[in-house]
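Enquirer: Have a look at this one.
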Amino acid sequence: MRGIHLPVWFGVADLPKAIPFAWLYATQGMARTVLMTIIPLRALELLGTAQEVSMLYLAVSACGLAVSLTIPLMVHLIRRRRVVVVGTLAMMVAAVLLLSDNLFVYALGMFFYVAGSIAIDVSLNLYLMDTIPRRDFARFEPVRIWFMGVAFIIGPYLGVWLWTNVAYWLPSLLTIIFSMILMGVFLYLRLSDNPAIQAAKTPPPNPLRFFPRFFRQPRLRLAWLLAVGRSAWWAMFFIYAPIYCVESGLGDDVAGMMASAGSASVLLVPVWAKIGRRFGIRALLLAGYAASAVISVVVAVFAGSPWLGVGLLMAAAVVTSLIDGAGNMLFLRAVHPHERPEMTSVFATFRDTSQIGPPAIFSVLLKVFALPAVFVAGGIGMAAMAYYARFVPKRY
């Protein structure tokens, strides 16, 4: 498919910057995903148990939350353009540190990996909201998710395969290359900052004071909560599903293949988005959360049969991709334009919260129960999200 046809194929021909933005997200996705499955597998090698891996993720994610809260300060002081550059540099540093056999250095690499991802993601979302008209968010969000989804399909398996079959350092090299490509494309596009959020001479804002304002708004609060649930399930999938493969005797290659195959479900996002526009986002979210809850619990029931467990995890990924049909549209529609930088930074904490909550819960569960308990807990969490999805406005 030639690139010139992409805007027509995705239905965004009247949005000239939609596809360039989508390519930015795809490149960012490749920089992240090549190491994504390797990180928990390597952590398992260094630590020995899934419970200790959970504790490591908990510590790193807590530090990542602190980084999220500093993004408004960074945007205020050095502008978004430089925040993107800092984020890509952090990803490159992470790629090098994650080659270490020293646990402290490895954990530091995980921190740089998380911090770089957050800085890039928040900044690109701010540029997106300045560039794509608000009324067109519903059309662009599936395109963004689709392009990132392609990266999530290719990256995990490619990274693990290179790590196990070619050279352990090649995935890190690819991460550095894709980070450089991301920086180059971003600088080439010459995206400009919104004048309303240019670096100012006034004292930098205190990010903590934005939290009360954010959570006093019911629509923003609901968008954040549902995003936490969705992200938490995927965090569980990308961390514990590969560990399940290894502990079940299926090996690293199967773990990488499963992560990529599960990610392939996001290719269905344009279909889910059309269904959402036809029947409503609320119906789409209810179906996705409820189906994910049921199948996640069933995974635990049949976890003793590894290949059946893998198949059920794939099915769970497909139904969870229904939720991605809505993406972050609930937030994009609810946020006021004059509050975008501050509210986007607060909303972005859903990712860190979803990275902190599950490892904290799972580290306790895994002290008493076997690994399948993780999938039961994930199912219960998705059932709770199905309940809250009932409060999504009908007009969405």
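Labels used: A, B, ... for chains in the order of the structure tokens, numbers from 1 for residues in each chain, and numbers from 1 for ligands as shown.
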I need the alpha helix (DSSP H) residues of range 145-237 of chain A per DSSP on the backbone, written as a VMD selection string.
Expert: chain A and resid 145 to 165 170 to 189 210 to 215 218 to 237
Enquirer: Can you build me a table of range 274-364 of chain A residues sitting at most 7 Å from range 42-65 of chain A, with the closest atom pair per residue and its distance in Å to one decimal, using only C-alpha atoms, sorted by chain and residue number, as CSV?
Expert:
residue,atom,partner,partner_atom,distance
A:Thr349,CA,A:Leu65,CA,6.3
A:Asp352,CA,A:Leu65,CA,5.2
A:Gln355,CA,A:Ser61,CA,5.6
A:Ile356,CA,A:Leu58,CA,5.1
A:Pro359,CA,A:Ser54,CA,4.6
A:Ala360,CA,A:Leu58,CA,6.0
A:Phe362,CA,A:Ser54,CA,6.7
A:Ser363,CA,A:Gln51,CA,4.9
Enquirer: Smallest atom-to-atom distance to Leu189 in chain A: which of A:Lys17, A:Arg277, A:His336, A:Arg80, using only C-alpha atoms?
Expert: A:Lys17
Enquirer: What does the structure give for the distance between CA of Leu225 in chain A and CA of Tyr388 in chain A, in Å to one decimal?
Expert: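 Taking CA of Leu225 in chain A and CA of Tyr388 in chain A, their separation equals 8.4 Å.
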Enquirer: When you look at range 373-376 of chain A with a cut-off of 7 Å (counting only C-alpha atoms), what residues show up, excluding the ones that are within fewer than 4 positions of it in the same chain? I need them as a JSON list (two decimals) with C-alpha atoms, in the first residue's frame.
Expert:
[["chain", "number", "residue", "atom", "x", "y", "z"],
["A", 296, "SER", "CA", -9.01, -13.41, 31.99],
["A", 297, "VAL", "CA", -10.50, -15.51, 34.78],
["A", 299, "VAL", "CA", -7.15, -18.22, 31.62],
["A", 300, "ALA", "CA", -6.40, -18.96, 35.26],
["A", 362, "PHE", "CA", 0.47, -9.06, 42.43],
["A", 365, "LEU", "CA", -0.78, -12.35, 45.71],
["A", 369, "PHE", "CA", -0.69, -18.06, 45.25],
["A", 380, "ILE", "CA", -11.81, -8.80, 38.65]]
Enquirer: Write out as a ChimeraX atom specification which residues come within 7 Å of range 19-28 of chain A when counting only C-alpha atoms, dropping same-chain ones fewer than 5 positions away.
Expert: /A:7,143-144,147-148,151,178,182
Enquirer: I'd like the interatomic distance between CA of Leu124 in chain A and CA of Arg282 in chain A, to a tenth of an Å.
Expert: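 Result for CA of Leu124 in chain A versus CA of Arg282 in chain A: 26.4 Å, one decimal.
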